[in-house]
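Chemist: Let me give you the structure first, and then I'll get to my questions.
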2 protein chains.
Amino acid sequence: MIDRKNSVKLACVDGRSACPVACSLDLLGDKWTLLVVRDLLLGKTTYSEFQKSPEGIPTNILAERLKRLQAAGILEKSRYQERPVRYAYRLTAKGRDLRSVLSAMIDWGNKYIPGTIPREQIEAMVPQLPENS
Amino acid sequence: MIDRKNSVKLACVDGRSACPVACSLDLLGDKWTLLVVRDLLLGKTTYSEFQKSPEGIPTNILAERLKRLQAAGILEKSRYQERPVRYAYRLTAKGRDLRSVLSAMIDWGNKYIPGTIPREQIEAMVPQLPENS
DNA sequence: TTAGTTGCTTGCATATTGCAAGTCACTTGA
DNA sequence: TCAAGTGACTTGCAATATGCAAGCAACTAA
């Protein structure tokens with residue numbers, strides 16, 4: 001007996017379809033996940049820095065998102081200090097490559113949502129983003 | 001008596017902050033909205049066509065999203081036929097400009113989510129997308 | 001010794017999703 | 001003419017996710 005479901009779509013583990021947009025949204029499609037990625041791209045690395053962002057992410061959601069992003073290989077968690085223990089979160093290459101998505105959102109937001117802070121001002125805050133890599 | 005709240009941030013009506021990413025996510029940050037935009041970019045125009053997409057969007061959510069996107073000026077609704085009434089949804093310039101966001105997601109998905117259908121195959125389905133405008 | 005910081009977890013109310021079914025105005029086929 | 005669709009939704013309700021407040025453990029600094 002052949003399992004049709006498995007033979008028809010193996011793509012995008014547990015995704016809704018094999019569409020790269022749908023699969024990306026399965027992971028990133030909510031109000032908070034990409035904001036965490038944004039903060040990481042801006043050079044923030046600690047839990048408390050993410051909390052301090054102006055959007056005010058609830059702490060339970062932040063904790064859950066960090067776990068999910070780590071499980072998805074988008075970021076890595078490391079202790080950067082024992083006594084007292086302190087953790088740093090950093091993007092992997094997979095996470096850094098989301099920059100193009102965020103970049104497109106910045107341009108779209110700047111063009112169509114009045115009052116959003118312009119890309120140049122954002123780039124001025126970034127450690128070493130401007131270069132294309 | 002001065003209202004500090006209003007004087008400090010007028011940006012991004014009702015948004016969580018003035019960040020273009022946060023403001024974009026206020027509108028687009030969920031699992032379904034960008035899939036509807038994707039379908040529109042692929043040339044789909046009717047309610048039932050959106051429903052037929054492989055992700056299987058629930059009808060109540062589809063109806064709600066279409067209203068929100070229309071209210072946000074991302075798409076326009078028009079009757080293309082009286083008796084029986086039939087509606088067509090089409091992207092505005094604002095909506096079409098989301099192509100760059102979707103495009104970045106396609107590239108990211110293709111690169112990091114195995115089994116997602118490749119951009120060339122998607123472009124082959126599109127009416128007149130390939131050109132840069 | 002007391003207060004403060006970091007990185008969380010827990011509880012609970014509210015909001016959003018997802019599924020199924022129903023509705024209304026038609027059209028099409030028998 | 002009458003039953004069975006079809007397109008575009010709406011409604012009800014259970015399941016899941018979000019948002020807020022509080023709590024907590026392990027430290028540090030005063």
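Convention: chains lettered A, B, ... in structure tokens order; per-chain residue numbering from 1; ligands numbered from 1 as shown.
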Mind running chain D against chain A at 10 Å and telling me each contacting residue's nearest atom pair with the distance in Å (one decimal), counting only C-alpha atoms (C1' of nucleotides), chain and number ascending, as CSV?
Modeler:
```
residue,atom,partner,partner_atom,distance
D:DA17,C1',A:Ile61,CA,9.7
D:DT18,C1',A:Ile61,CA,8.0
D:DG19,C1',A:Pro58,CA,6.7
D:DC20,C1',A:Pro58,CA,7.9
D:DA26,C1',A:Pro84,CA,7.2
D:DC27,C1',A:Pro84,CA,5.3
D:DT28,C1',A:Pro84,CA,8.2
```
Chemist: Find the residues in chain B near chain A: any atom within 6 Å counts, using only C-alpha atoms. Write them as a list of chain:residue names.
Modeler: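 That gives the following set of residues: B:Ala11, B:Cys12, B:Arg16, B:Ser17, B:Ala18, B:Cys19, B:Pro20, B:Val21, B:Ser24, B:Leu25, B:Gly29, B:Asp30, B:Lys31, B:Glu55, B:Ser100, B:Val101, B:Ala104, B:Met105, B:Ile106, B:Gly109, B:Gly115, B:Thr116, B:Ile117.
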Chemist: Compile the contact shell of Arg96 of chain A as a PyMOL selection string: residues with an atom at most 9 Å away, counting only C-alpha atoms (C1' of nucleotides), same-chain residues fewer than 6 positions apart removed.
Modeler: chain A and resi 37+40-41+74-75
Chemist: Taking the DSSP assignment computed from this structure's backbone, write out as an MDAnalysis selection string all residues of chain B that belong to strand (DSSP E or B).
Modeler: chainID B and resid 75:81 86:91
Chemist: Please report as a VMD selection string which residues of chain C come no farther than 10 Å from chain B, using only C-alpha atoms (C1' of nucleotides).
Modeler: chain C and resid 16 to 19 25 to 27
